[in-house]
>>> print(open('upload12.txt').read())   # compact mmCIF, C-alpha atoms
# COMPACT_ATOMS: atom_id res chain seq x y z
CA MET A 189 130.97 -25.11 25.48
CA ASN A 190 132.83 -24.86 28.78
CA LEU A 191 134.26 -28.32 28.19
CA PHE A 192 135.47 -27.24 24.75
CA ARG A 193 137.37 -24.35 26.34
CA ILE A 194 139.08 -26.73 28.76
CA GLN A 195 139.71 -29.24 25.95
CA LEU A 196 141.49 -26.48 24.03
CA GLN A 197 143.56 -25.58 27.07
CA ARG A 198 144.47 -29.12 28.11
CA SER A 199 144.52 -31.13 24.90
CA LYS A 200 147.85 -30.65 23.22
CA ARG A 201 146.51 -32.37 20.15
CA ILE A 202 143.63 -29.98 19.56
CA ARG A 203 145.96 -27.08 20.22
CA HIS A 204 148.36 -28.44 17.61
CA ILE A 205 145.60 -28.54 15.01
CA PHE A 206 144.92 -24.85 15.48
CA ILE A 207 148.60 -23.87 15.66
CA ASN A 208 149.40 -25.93 12.56
CA ASN A 209 146.48 -24.33 10.78
CA PHE A 210 147.75 -20.87 11.61
CA PHE A 211 151.22 -21.60 10.22
CA ILE A 212 149.92 -23.41 7.15
CA SER A 213 147.62 -20.53 6.29
CA LEU A 214 150.52 -18.12 6.80
CA PHE A 215 152.68 -20.29 4.55
CA LEU A 216 150.01 -20.45 1.82
CA ILE A 217 149.37 -16.73 2.03
CA GLY A 218 153.14 -16.15 1.91
CA ILE A 219 153.44 -18.19 -1.29
CA SER A 220 150.46 -16.37 -2.76
CA VAL A 221 151.89 -12.96 -1.94
CA LEU A 222 155.38 -13.79 -3.19
CA ASP A 223 154.26 -15.58 -6.37
CA GLU A 224 151.20 -13.55 -7.25
CA SER A 225 152.27 -12.99 -10.85
CA LYS A 226 153.11 -16.66 -11.44
CA VAL A 227 150.13 -18.36 -9.85
CA GLU A 228 146.83 -18.69 -11.67
CA ASP A 229 143.86 -17.04 -9.99
CA PHE A 230 142.01 -20.21 -9.13
CA VAL A 231 145.08 -21.94 -7.68
CA PHE A 232 145.47 -18.88 -5.61
CA ILE A 233 141.89 -19.14 -4.37
CA ILE A 234 142.27 -22.84 -3.64
CA TYR A 235 145.27 -21.96 -1.48
CA LEU A 236 143.12 -19.56 0.43
CA TYR A 237 140.22 -21.98 0.63
CA PHE A 238 142.53 -24.70 1.88
CA ALA A 239 143.78 -22.38 4.60
CA LEU A 240 140.20 -21.33 5.34
CA SER A 241 139.01 -24.91 5.82
CA PHE A 242 142.01 -26.57 7.38
CA SER A 243 141.37 -26.36 11.14
CA PHE A 244 137.61 -26.36 10.58
CA LEU A 245 137.75 -29.72 8.79
CA ASN A 246 140.54 -31.19 10.89
CA TYR A 247 138.80 -30.48 14.16
CA GLY A 248 135.28 -31.03 12.88
CA LEU A 249 135.84 -34.44 11.32
CA LEU A 250 136.88 -35.74 14.73
CA ILE A 251 134.40 -33.69 16.71
CA PHE A 252 132.71 -36.71 18.34
CA SER A 253 135.96 -38.61 18.74
CA TRP A 254 137.31 -35.97 21.12
CA ASP A 255 134.47 -36.90 23.48
CA TYR A 256 134.56 -40.65 22.88
CA ASN A 257 136.15 -41.51 26.25
CA TYR A 258 133.29 -39.97 28.22
CA LEU A 259 130.49 -39.85 25.67
CA ARG A 260 128.25 -42.08 27.80
CA LYS A 261 128.37 -39.63 30.68
CA ILE A 262 127.83 -36.62 28.44
CA LEU A 263 124.78 -38.18 26.81
CA LEU A 264 123.42 -39.16 30.18
CA LEU A 265 123.70 -35.56 31.32
CA THR A 266 122.27 -33.83 28.32
CA LYS A 267 119.68 -34.32 25.65
CA LYS A 268 121.11 -35.67 22.42
CA LYS A 269 119.77 -32.72 20.47
CA ASN A 270 121.46 -30.20 22.79
CA TYR A 271 124.74 -32.05 22.47
CA ILE A 272 124.60 -31.94 18.66
CA GLN A 273 123.60 -28.26 18.71
CA ILE A 274 126.59 -27.39 20.91
CA LYS A 275 128.93 -29.31 18.61
CA HIS A 276 127.45 -27.58 15.58
CA THR A 277 127.83 -24.19 17.27
CA ILE A 278 131.47 -24.88 18.18
CA LEU A 279 132.18 -25.88 14.60
CA MET A 280 130.51 -22.76 13.28
CA ILE A 281 132.47 -20.55 15.69
CA ILE A 282 135.71 -22.09 14.44
CA GLY A 283 134.53 -21.58 10.86
CA LEU A 284 133.59 -17.99 11.64
CA ILE A 285 137.01 -17.25 13.15
CA ASN A 286 138.70 -18.82 10.12
CA THR A 287 136.51 -16.88 7.73
CA SER A 288 137.09 -13.59 9.54
CA TYR A 289 140.83 -14.21 9.50
CA MET A 290 140.89 -15.04 5.79
CA VAL A 291 138.62 -12.12 4.87
CA LEU A 292 140.96 -9.84 6.79
CA VAL A 293 143.96 -11.30 4.96
CA SER A 294 142.26 -10.99 1.59
CA LEU A 295 141.33 -7.38 2.36
CA LEU A 296 144.96 -6.66 3.17
CA PHE A 297 146.60 -8.51 0.29
CA PHE A 298 144.15 -9.56 -2.44
CA LYS A 299 141.23 -7.19 -2.55
CA LYS A 300 139.71 -8.68 -5.69
CA PHE A 301 139.08 -11.98 -3.92
CA THR A 302 137.42 -10.68 -0.78
CA ILE A 303 133.84 -11.41 -1.88
CA LEU A 304 134.79 -14.86 -3.08
CA ILE A 305 136.52 -15.66 0.20
CA LEU A 306 133.48 -14.38 2.06
CA SER A 307 131.13 -16.56 -0.03
CA LEU A 308 133.40 -19.56 0.57
CA GLY A 309 133.20 -18.78 4.28
CA ILE A 310 129.39 -18.84 4.12
CA PHE A 311 129.61 -22.10 2.15
CA ASN A 312 131.84 -23.60 4.84
CA LEU A 313 129.63 -22.44 7.70
CA GLY A 314 126.26 -23.23 6.22
CA PHE A 315 126.81 -26.13 3.86
CA LEU A 316 130.02 -27.82 4.91
CA SER A 317 129.57 -27.73 8.71
CA PRO A 318 126.50 -30.06 8.82
CA LEU A 319 128.21 -32.24 6.22
CA VAL A 320 131.32 -32.41 8.40
CA LEU A 321 129.16 -33.49 11.34
CA LEU A 322 127.52 -36.16 9.21
CA ILE A 323 130.89 -37.56 8.14
CA ALA A 324 132.26 -37.30 11.68
CA LEU A 325 129.31 -39.35 12.89
CA SER A 326 130.01 -42.18 10.48
CA ASN A 327 133.71 -42.25 11.14
CA PHE A 328 133.95 -42.45 14.87
CA LYS A 329 137.08 -43.47 16.71
CA ARG A 330 138.43 -43.20 20.22
CA ILE A 331 141.08 -40.51 20.53
CA GLU A 332 143.29 -40.03 23.53
CA ILE A 333 143.51 -36.28 23.64
CA ASN A 334 146.50 -36.27 25.95
CA LYS A 335 148.65 -38.07 23.37
CA HIS A 336 150.25 -35.47 21.21
CA ARG A 337 152.67 -34.81 18.42
CA SER A 338 152.72 -32.08 15.85
CA TRP A 339 151.47 -34.45 13.20
CA ASN A 340 149.36 -37.01 14.95
CA PHE A 341 147.01 -38.79 12.56
CA GLU A 342 145.43 -41.04 15.18
CA GLY A 343 141.72 -41.22 14.50
CA MET A 344 142.06 -40.15 10.88
CA SER A 345 141.13 -42.57 8.14
CA PHE A 346 140.92 -42.60 4.36
CA SER A 347 137.33 -41.34 4.37
CA TYR A 348 138.47 -38.19 6.16
CA TYR A 349 141.06 -37.41 3.54
CA ALA A 350 138.66 -38.35 0.73
CA PHE A 351 136.08 -35.93 2.11
CA TYR A 352 138.73 -33.27 2.56
CA LEU A 353 139.84 -33.62 -1.04
CA LEU A 354 136.28 -33.82 -2.34
CA SER A 355 135.34 -30.53 -0.75
CA ILE A 356 138.38 -28.87 -2.31
CA VAL A 357 137.75 -30.50 -5.71
CA PHE A 358 134.13 -29.33 -5.57
CA VAL A 359 135.17 -25.73 -4.96
CA ALA A 360 137.89 -25.87 -7.62
CA LEU A 361 135.63 -27.49 -10.24
CA THR A 362 132.82 -25.02 -9.61
CA LEU A 363 135.23 -22.14 -10.03
CA ILE A 364 136.77 -23.52 -13.23
CA LEU A 365 133.48 -24.55 -14.85
CA VAL A 366 131.74 -21.28 -14.03
CA GLU A 367 134.72 -19.33 -15.37
CA ILE A 368 134.61 -21.38 -18.61
CA TYR A 369 130.85 -21.11 -19.18
CA TYR A 370 129.97 -17.73 -17.72
CA ASP A 371 133.30 -15.95 -17.48
CA SER A 372 132.11 -14.47 -14.22
CA ARG A 373 133.18 -14.84 -10.61
CA VAL A 374 129.92 -13.42 -9.32
CA VAL A 375 128.15 -16.63 -10.40
CA SER A 376 130.60 -18.77 -8.41
CA CYS A 377 130.13 -16.50 -5.41
CA SER A 378 126.35 -16.83 -5.76
CA ILE A 379 126.53 -20.64 -5.95
CA PHE A 380 128.68 -20.90 -2.81
CA THR A 381 126.54 -18.38 -0.94
CA ALA A 382 123.30 -20.08 -2.02
CA LEU A 383 124.55 -23.48 -0.87
CA GLY A 384 125.61 -21.93 2.42
CA ILE A 385 122.17 -20.37 2.94
CA ILE A 386 120.42 -23.66 2.07
CA GLY A 387 122.63 -25.33 4.68
CA PHE A 388 121.66 -22.72 7.28
CA LEU A 389 117.98 -23.28 6.51
CA LEU A 390 118.30 -27.06 6.85
CA LYS A 391 120.44 -26.88 10.00
CA GLY A 392 117.57 -27.82 12.33
CA ARG A 393 116.62 -30.87 10.29
CA VAL A 394 120.20 -32.06 9.98
CA ASN A 395 120.67 -31.66 13.74
CA ASN A 396 117.52 -33.67 14.38
CA TRP A 397 118.78 -36.46 12.18
CA LEU A 398 122.19 -36.36 13.84
CA SER A 399 120.70 -36.51 17.33
CA LEU A 400 118.70 -39.59 16.35
CA ASN A 401 121.84 -41.27 15.10
CA ILE A 402 124.26 -40.32 17.88
CA GLN A 403 122.61 -43.05 19.99
CA LYS A 404 124.11 -45.68 17.67
CA ILE A 405 127.53 -44.18 18.33
CA VAL A 406 127.00 -44.36 22.09
CA TRP A 407 126.10 -48.01 21.71
CA LYS A 408 129.47 -48.64 20.08
CA VAL A 409 131.43 -47.11 22.97
CA GLN A 410 133.50 -49.85 24.59
CA MET B 247 103.13 -47.47 44.54
CA GLU B 248 104.47 -45.90 41.36
CA SER B 249 107.50 -47.38 39.71
CA ALA B 250 110.75 -45.56 39.12
CA ILE B 251 112.00 -48.13 36.64
CA GLU B 252 109.92 -50.65 34.80
CA ILE B 253 111.54 -53.31 32.66
CA VAL B 254 109.10 -55.09 30.41
CA ARG B 255 111.90 -56.98 28.67
CA ILE B 256 115.63 -56.57 28.20
CA LEU B 257 117.33 -59.06 25.94
CA LYS B 258 121.01 -58.71 25.20
CA GLU B 259 122.92 -61.46 23.47
CA TYR B 260 126.67 -61.94 23.40
CA LYS B 261 128.45 -64.91 21.83
CA ASN B 262 128.50 -67.01 24.98
CA PHE B 263 126.10 -65.14 27.20
CA LYS B 264 122.54 -63.91 27.16
CA LEU B 265 120.94 -61.40 29.52
CA ASP B 266 117.21 -61.85 29.61
CA VAL B 267 115.30 -59.87 32.21
CA ALA B 268 111.55 -59.41 32.07
CA ASN B 269 108.80 -57.87 34.18
CA LEU B 270 110.96 -56.17 36.74
CA ARG B 271 109.67 -53.13 38.60
CA ILE B 272 111.68 -50.91 40.88
CA LEU B 273 109.48 -48.67 42.95
CA LYS B 274 110.04 -45.01 43.73
CA GLY B 275 112.22 -44.61 46.80
CA GLU B 276 113.32 -48.24 46.81
CA LYS B 277 116.97 -49.09 47.38
CA VAL B 278 117.81 -52.13 45.33
CA GLY B 279 121.01 -54.15 45.35
CA ILE B 280 121.84 -56.04 42.17
CA ILE B 281 123.96 -58.95 43.21
CA GLY B 282 125.68 -61.67 41.26
CA ASN B 283 129.02 -63.24 40.53
CA ASN B 284 131.30 -61.93 37.81
CA GLY B 285 129.88 -62.10 34.30
CA MET B 286 126.28 -62.61 35.37
CA GLY B 287 125.06 -59.44 33.62
CA LYS B 288 124.90 -56.80 36.35
CA THR B 289 126.66 -54.05 34.44
CA THR B 290 124.95 -55.05 31.20
CA LEU B 291 121.59 -54.72 32.94
CA LEU B 292 122.41 -51.24 34.23
CA LEU B 293 123.75 -50.11 30.85
CA SER B 294 120.63 -51.48 29.16
CA ILE B 295 118.36 -49.62 31.58
CA LEU B 296 120.23 -46.42 30.68
CA ASN B 297 120.06 -47.33 26.97
CA LEU B 298 123.84 -47.09 26.66
CA ILE B 299 124.33 -50.41 24.86
CA ALA B 300 122.65 -51.92 21.86
CA THR B 301 120.25 -54.69 22.81
CA LYS B 302 118.11 -57.13 20.89
CA LYS B 303 115.07 -56.07 22.90
CA ASN B 304 114.84 -53.20 25.32
CA LYS B 305 111.46 -52.13 26.55
CA THR B 306 112.25 -50.15 29.65
CA SER B 307 110.81 -46.99 31.08
CA LEU B 308 112.17 -44.64 33.71
CA TYR B 309 109.52 -42.65 35.54
CA GLY B 310 107.08 -43.63 32.83
CA ILE B 311 109.29 -42.36 30.04
CA PRO B 312 110.68 -44.91 27.55
CA ASN B 313 114.45 -45.14 27.87
CA ASP B 314 115.07 -44.23 24.23
CA LEU B 315 113.78 -40.72 24.92
CA ASP B 316 115.75 -38.03 26.75
CA LYS B 317 113.28 -36.62 29.26
CA TRP B 318 114.13 -39.08 32.08
CA LYS B 319 117.74 -37.87 32.15
CA GLU B 320 116.68 -34.98 34.40
CA MET B 321 115.60 -37.51 37.02
CA VAL B 322 118.39 -40.06 36.91
CA SER B 323 122.08 -39.91 37.71
CA ALA B 324 124.53 -42.76 37.21
CA TYR B 325 128.12 -43.85 37.55
CA ILE B 326 128.97 -47.12 35.86
CA ASP B 327 132.68 -47.14 35.09
CA SER B 328 135.68 -45.01 34.22
CA SER B 329 134.06 -44.09 30.89
CA PHE B 330 131.86 -41.81 33.01
CA LEU B 331 134.90 -39.78 34.04
CA ILE B 332 136.35 -36.86 32.10
CA ASP B 333 139.96 -37.53 32.84
CA PHE B 334 141.49 -34.22 31.76
CA LEU B 335 139.51 -32.34 34.39
CA SER B 336 140.32 -31.97 38.07
CA VAL B 337 137.78 -33.44 40.51
CA ARG B 338 136.43 -29.95 41.27
CA GLU B 339 136.06 -29.12 37.57
CA TYR B 340 134.39 -32.47 36.91
CA VAL B 341 131.86 -31.97 39.68
CA GLN B 342 131.22 -28.38 38.60
CA PHE B 343 130.79 -29.51 35.01
CA ILE B 344 128.19 -32.10 36.00
CA CYS B 345 126.40 -29.62 38.25
CA SER B 346 126.16 -27.11 35.40
CA PHE B 347 123.75 -29.52 33.67
CA HIS B 348 121.55 -29.48 36.77
CA ASN B 349 121.55 -25.69 37.10
CA ILE B 350 123.73 -25.75 40.22
CA ASN B 351 126.17 -22.84 40.14
CA ASP B 352 129.79 -23.12 41.29
CA SER B 353 129.28 -21.47 44.70
CA LEU B 354 126.39 -23.80 45.46
CA VAL B 355 128.56 -26.76 44.44
CA ASP B 356 131.10 -25.81 47.11
CA SER B 357 128.42 -25.83 49.80
CA LYS B 358 126.86 -29.07 48.54
CA ILE B 359 130.23 -30.81 48.48
CA GLU B 360 130.60 -30.37 52.25
CA VAL B 361 128.49 -33.48 52.80
CA PHE B 362 131.16 -35.48 50.99
CA ASN B 363 134.23 -33.84 52.57
CA ASP B 364 135.06 -36.80 54.79
CA PHE B 365 134.60 -39.24 51.95
CA LEU B 366 136.62 -37.24 49.43
CA GLY B 367 139.45 -36.14 51.67
CA GLU B 368 141.74 -33.71 49.87
CA THR B 369 140.91 -35.07 46.44
CA TYR B 370 138.44 -32.28 45.71
CA ASP B 371 140.73 -29.34 46.31
CA VAL B 372 143.92 -30.48 44.64
CA LYS B 373 144.58 -29.34 41.10
CA LYS B 374 145.60 -32.83 39.98
CA LEU B 375 143.67 -34.10 36.98
CA ILE B 376 141.44 -37.15 37.40
CA ARG B 377 143.73 -39.21 35.14
CA ASP B 378 146.61 -38.62 37.59
CA HIS B 379 144.63 -39.79 40.64
CA SER B 380 144.70 -43.33 42.01
CA LEU B 381 141.91 -45.70 40.91
CA GLY B 382 140.16 -45.26 44.23
CA ASN B 383 140.23 -41.47 44.16
CA ALA B 384 139.12 -41.40 40.52
CA ARG B 385 136.19 -43.65 41.47
CA LYS B 386 135.34 -41.30 44.33
CA ALA B 387 135.16 -38.46 41.80
CA GLY B 388 132.77 -40.48 39.65
CA ILE B 389 130.60 -41.38 42.64
CA ILE B 390 130.42 -37.76 43.80
CA GLY B 391 129.63 -36.70 40.24
CA CYS B 392 126.74 -39.11 40.38
CA LEU B 393 125.49 -38.26 43.86
CA ILE B 394 125.75 -34.48 43.89
CA PRO B 395 122.88 -33.64 41.50
CA GLU B 396 119.49 -33.69 43.20
CA VAL B 397 117.63 -36.28 41.17
CA SER B 398 115.10 -38.98 41.99
CA CYS B 399 117.12 -42.04 41.06
CA TYR B 400 120.79 -42.94 41.39
CA ILE B 401 122.42 -45.88 39.64
CA LEU B 402 125.84 -47.02 40.83
CA ASP B 403 127.83 -49.93 39.49
CA GLU B 404 130.36 -51.42 41.92
CA PRO B 405 130.65 -48.20 43.94
CA PHE B 406 132.74 -49.87 46.68
CA ASP B 407 135.41 -51.27 44.36
CA ASN B 408 138.89 -49.78 44.78
CA LEU B 409 137.79 -47.89 47.91
CA ASP B 410 139.52 -48.33 51.25
CA PRO B 411 137.39 -49.69 54.15
CA ARG B 412 137.01 -46.23 55.69
CA SER B 413 135.75 -44.71 52.44
CA ARG B 414 133.34 -47.62 51.95
CA LYS B 415 131.86 -46.97 55.35
CA LYS B 416 131.66 -43.23 54.71
CA LEU B 417 129.91 -43.77 51.38
CA SER B 418 127.45 -46.17 52.90
CA ASP B 419 126.70 -43.67 55.71
CA ILE B 420 126.27 -40.76 53.28
CA ILE B 421 123.74 -42.69 51.20
CA MET B 422 121.77 -43.89 54.21
CA LYS B 423 121.74 -40.49 55.91
CA ASN B 424 121.23 -38.10 53.00
CA TYR B 425 119.28 -40.03 50.39
CA ARG B 426 116.41 -41.57 52.31
CA GLU B 427 113.70 -40.67 49.80
CA GLN B 428 115.55 -41.38 46.59
CA THR B 429 115.63 -44.54 44.53
CA PHE B 430 118.98 -46.34 44.42
CA ILE B 431 120.17 -49.21 42.26
CA ILE B 432 123.52 -50.48 43.42
CA SER B 433 125.31 -53.35 41.81
CA SER B 434 128.06 -54.69 44.00
CA HIS B 435 130.05 -57.62 45.30
CA ASP B 436 130.46 -55.88 48.63
CA LEU B 437 127.58 -57.60 50.39
CA LYS B 438 128.21 -55.97 53.74
CA HIS B 439 127.61 -52.41 52.60
CA THR B 440 125.05 -53.30 49.96
CA TYR B 441 123.05 -55.12 52.61
CA GLU B 442 123.39 -52.10 54.89
CA ILE B 443 122.03 -49.68 52.29
CA CYS B 444 119.50 -51.70 50.34
CA GLU B 445 116.13 -53.10 51.27
CA ARG B 446 115.63 -55.28 48.20
CA PHE B 447 118.04 -57.63 46.49
CA ILE B 448 117.97 -58.94 42.96
CA ILE B 449 120.34 -61.82 42.36
CA LEU B 450 121.40 -62.37 38.79
CA LYS B 451 122.55 -65.77 37.65
CA ASP B 452 123.43 -66.66 34.06
CA GLY B 453 121.78 -63.49 32.81
CA LYS B 454 118.44 -64.12 34.52
CA VAL B 455 116.83 -62.97 37.73
CA PHE B 456 117.55 -65.89 40.03
CA CYS B 457 116.07 -64.40 43.16
CA ASP B 458 114.23 -61.19 44.03
CA CYS B 459 113.87 -60.78 47.77
CA HIS B 460 113.43 -58.21 50.52
CA LYS B 461 115.71 -57.54 53.46
CA ASP B 462 113.23 -58.93 55.97
CA SER B 463 113.27 -62.31 54.24
CA VAL B 464 116.99 -62.80 53.73
CA THR B 465 120.16 -62.34 55.80
CA GLU B 466 123.52 -61.15 54.58
CA SER B 467 125.05 -64.58 55.08
CA GLU B 468 122.22 -66.20 53.11
CA LEU B 469 122.95 -63.84 50.25
CA GLU B 470 126.62 -64.75 50.46
CA GLN B 471 125.81 -68.46 50.48
CA CYS B 472 123.60 -67.95 47.47
CA LEU B 473 126.52 -66.44 45.55
CA ILE B 474 129.00 -69.10 46.70
CA ASN B 475 126.74 -71.98 45.77
>>> encode(input="upload12.txt", output="structure tokens")
Amino acid sequence: MNLFRIQLQRSKRIRHIFINNFFISLFLIGISVLDESKVEDFVFIIYLYFALSFSFLNYGLLIFSWDYNYLRKILLLTKKKNYIQIKHTILMIIGLINTSYMVLVSLLFFKKFTILILSLGIFNLGFLSPLVLLIALSNFKRIEINKHRSWNFEGMSFSYYAFYLLSIVFVALTLILVEIYYDSRVVSCSIFTALGIIGFLLKGRVNNWLSLNIQKIVWKVQ
Amino acid sequence: MESAIEIVRILKEYKNFKLDVANLRILKGEKVGIIGNNGMGKTTLLLSILNLIATKKNKTSLYGIPNDLDKWKEMVSAYIDSSFLIDFLSVREYVQFICSFHNINDSLVDSKIEVFNDFLGETYDVKKLIRDHSLGNARKAGIIGCLIPEVSCYILDEPFDNLDPRSRKKLSDIIMKNYREQTFIISSHDLKHTYEICERFIILKDGKVFCDCHKDSVTESELEQCLIN
């Protein structure tokens, strides 16, 4: 956790992810506020969801890559399970900050979406965060954190973007289909919340599985 | 006597090289020098012991605990190469970070570091990040990071490389004076200091244990001749 704090302070790249996220979410919210009458509800929500997930996914999908250069030492110092738990906690804290920020924004500007944004936040924290760790584990690349540019895609690959899009498509499709069949947003909220809670309940098992598999990643370190 | 490290079999195959070590025991408190020319498998052996590389066979235990489990990590500290350094930290932050895993608080770190003051010089107190230090000073940080936790076994790969003669001497003195009871595995080409510190020598040749001898049965020049020939 301490290392994460220093990483944030020293790594210009990680800092850029969070700064970019802040401006992108502001931009999306700005569009939503200005064009409220013209934009369909669900597009509107996708905007918000995109803003909600942006830094969470961008940081999380590279969460092991940030440590690649010294992963051997880290895993010699700590138990694999502890390492995964810390990473999961960091990811959830980022998700929680994002969710709080978006809930605050929705309370200020779009009151009717607050519960949906909150349920999407729970979905992100509970369901998406272990999934992000799973994907991050399979797509592991060395990243030099001192190299920086506003848009530095080093370490990113197609599977990252595919996963990014898939998560957005899943949310959008659920919203559209539920609206068509049930004409109710409460059902969508329930689905997202339920998935989030299932994720929370399975967190321990997922972490166990991840800690068994992180060894294979260490073996690949050159 | 109980063993600190017990290798039943380590088999690691590369395209043109095979490391095959079997039935090797390192006893508690023993100081062992792993010696061999370049490419003979010294680093591979150490990484395999620590389970940090994939191997075809790896049946090794540290303090009776198989190396694929985590429990032995409380008893072993190691510095192999620059991948053990966290280069965006200063030396002080790096040492403090490592100590935090061994429940040593920051104020205690400052008192424990005094033993290494002569060896480290001003490296510890400057705010410069490890990545901005010279190779030698960065290596010193890694070595201190390895030596400062109080564990039972220390594993060092080429600890004397990139160090000036004075620092080599200091390091050798620190180990001999302050770590009498602990187990050490040192892989090195620096025969002078390795011979000074260690009491047992394992010579690797073509990925196999060529010779396993004690200090009382071999001289430094014999070891050197063995490597030359």
>>> closest_residue(input="upload12.txt", among="B:Ser434, B:Glu320, B:Phe334, B:Met247", to="Gln195 of chain A", atoms="only C-alpha atoms")
B:Phe334
>>> residues_near_point(input="upload12.txt", point="(122.8, -35.6, 14.5)", cutoff="8 Å", atoms="all atoms listed in the file", output="MDAnalysis selection string")
chainID A and resid 269 272 321:322 325 394:402
>>> write_last_selection(input="upload12.txt", atoms="C-alpha atoms", output="PDB file, keeping the file's coordinate frame")
ATOM      1  CA  LYS A 269     119.770 -32.720  20.470  1.00  0.00           C
ATOM      2  CA  ILE A 272     124.600 -31.940  18.660  1.00  0.00           C
ATOM      3  CA  LEU A 321     129.160 -33.490  11.340  1.00  0.00           C
ATOM      4  CA  LEU A 322     127.520 -36.160   9.210  1.00  0.00           C
ATOM      5  CA  LEU A 325     129.310 -39.350  12.890  1.00  0.00           C
ATOM      6  CA  VAL A 394     120.200 -32.060   9.980  1.00  0.00           C
ATOM      7  CA  ASN A 395     120.670 -31.660  13.740  1.00  0.00           C
ATOM      8  CA  ASN A 396     117.520 -33.670  14.380  1.00  0.00           C
ATOM      9  CA  TRP A 397     118.780 -36.460  12.180  1.00  0.00           C
ATOM     10  CA  LEU A 398     122.190 -36.360  13.840  1.00  0.00           C
ATOM     11  CA  SER A 399     120.700 -36.510  17.330  1.00  0.00           C
ATOM     12  CA  LEU A 400     118.700 -39.590  16.350  1.00  0.00           C
ATOM     13  CA  ASN A 401     121.840 -41.270  15.100  1.00  0.00           C
ATOM     14  CA  ILE A 402     124.260 -40.320  17.880  1.00  0.00           C
TER      15      ILE A 402
END
>>> interface_residues(input="upload12.txt", of="chain B", to="chain A", cutoff="8 Å", atoms="all atoms listed in the file", output="PyMOL selection string")
chain B and resi 296+298-300+316-317+319-320+323-324+329-332+334-335+343-344+347
>>> residues_around(input="upload12.txt", residues="segment 303-307 of chain A", least_positions_apart="6", cutoff="6 Å", atoms="all atoms listed in the file", output="PyMOL selection string")
chain A and resi 377+380-381
>>> atom_distance(input="upload12.txt", atom1="atom CA of Asp371 of chain B", atom2="atom CA of Ala384 of chain B")
13.5 Å
>>> build_atoms(input="upload12.txt", residues="segment 282-286 of chain A", atoms="all heavy atoms", output="PDB file, in the frame of the given file")
ATOM      1  N   ILE A 282     134.377 -21.897  15.018  1.00  0.00           N
ATOM      2  CA  ILE A 282     135.710 -22.090  14.440  1.00  0.00           C
ATOM      3  C   ILE A 282     135.706 -21.628  12.978  1.00  0.00           C
ATOM      4  O   ILE A 282     136.612 -20.924  12.534  1.00  0.00           O
ATOM      5  CB  ILE A 282     136.137 -23.581  14.540  1.00  0.00           C
ATOM      6  CG1 ILE A 282     136.326 -23.964  16.004  1.00  0.00           C
ATOM      7  CG2 ILE A 282     137.420 -23.837  13.758  1.00  0.00           C
ATOM      8  CD1 ILE A 282     136.445 -25.446  16.246  1.00  0.00           C
ATOM      9  N   GLY A 283     134.660 -21.998  12.259  1.00  0.00           N
ATOM     10  CA  GLY A 283     134.530 -21.580  10.860  1.00  0.00           C
ATOM     11  C   GLY A 283     134.466 -20.070  10.730  1.00  0.00           C
ATOM     12  O   GLY A 283     135.069 -19.480   9.832  1.00  0.00           O
ATOM     13  N   LEU A 284     133.748 -19.446  11.669  1.00  0.00           N
ATOM     14  CA  LEU A 284     133.590 -17.990  11.640  1.00  0.00           C
ATOM     15  C   LEU A 284     134.926 -17.293  11.899  1.00  0.00           C
ATOM     16  O   LEU A 284     135.262 -16.311  11.232  1.00  0.00           O
ATOM     17  CB  LEU A 284     132.559 -17.582  12.692  1.00  0.00           C
ATOM     18  CG  LEU A 284     131.928 -16.212  12.536  1.00  0.00           C
ATOM     19  CD1 LEU A 284     131.100 -16.153  11.267  1.00  0.00           C
ATOM     20  CD2 LEU A 284     131.033 -15.913  13.742  1.00  0.00           C
ATOM     21  N   ILE A 285     135.688 -17.840  12.846  1.00  0.00           N
ATOM     22  CA  ILE A 285     137.010 -17.250  13.150  1.00  0.00           C
ATOM     23  C   ILE A 285     137.905 -17.396  11.921  1.00  0.00           C
ATOM     24  O   ILE A 285     138.568 -16.442  11.503  1.00  0.00           O
ATOM     25  CB  ILE A 285     137.634 -17.918  14.399  1.00  0.00           C
ATOM     26  CG1 ILE A 285     136.821 -17.552  15.643  1.00  0.00           C
ATOM     27  CG2 ILE A 285     139.094 -17.496  14.576  1.00  0.00           C
ATOM     28  CD1 ILE A 285     137.157 -18.362  16.877  1.00  0.00           C
ATOM     29  N   ASN A 286     137.902 -18.595  11.327  1.00  0.00           N
ATOM     30  CA  ASN A 286     138.700 -18.820  10.120  1.00  0.00           C
ATOM     31  C   ASN A 286     138.311 -17.855   9.012  1.00  0.00           C
ATOM     32  O   ASN A 286     139.168 -17.248   8.367  1.00  0.00           O
ATOM     33  CB  ASN A 286     138.475 -20.248   9.594  1.00  0.00           C
ATOM     34  CG  ASN A 286     139.312 -21.255  10.339  1.00  0.00           C
ATOM     35  OD1 ASN A 286     139.909 -20.928  11.349  1.00  0.00           O
ATOM     36  ND2 ASN A 286     139.360 -22.475   9.853  1.00  0.00           N
TER      37      ASN A 286
END
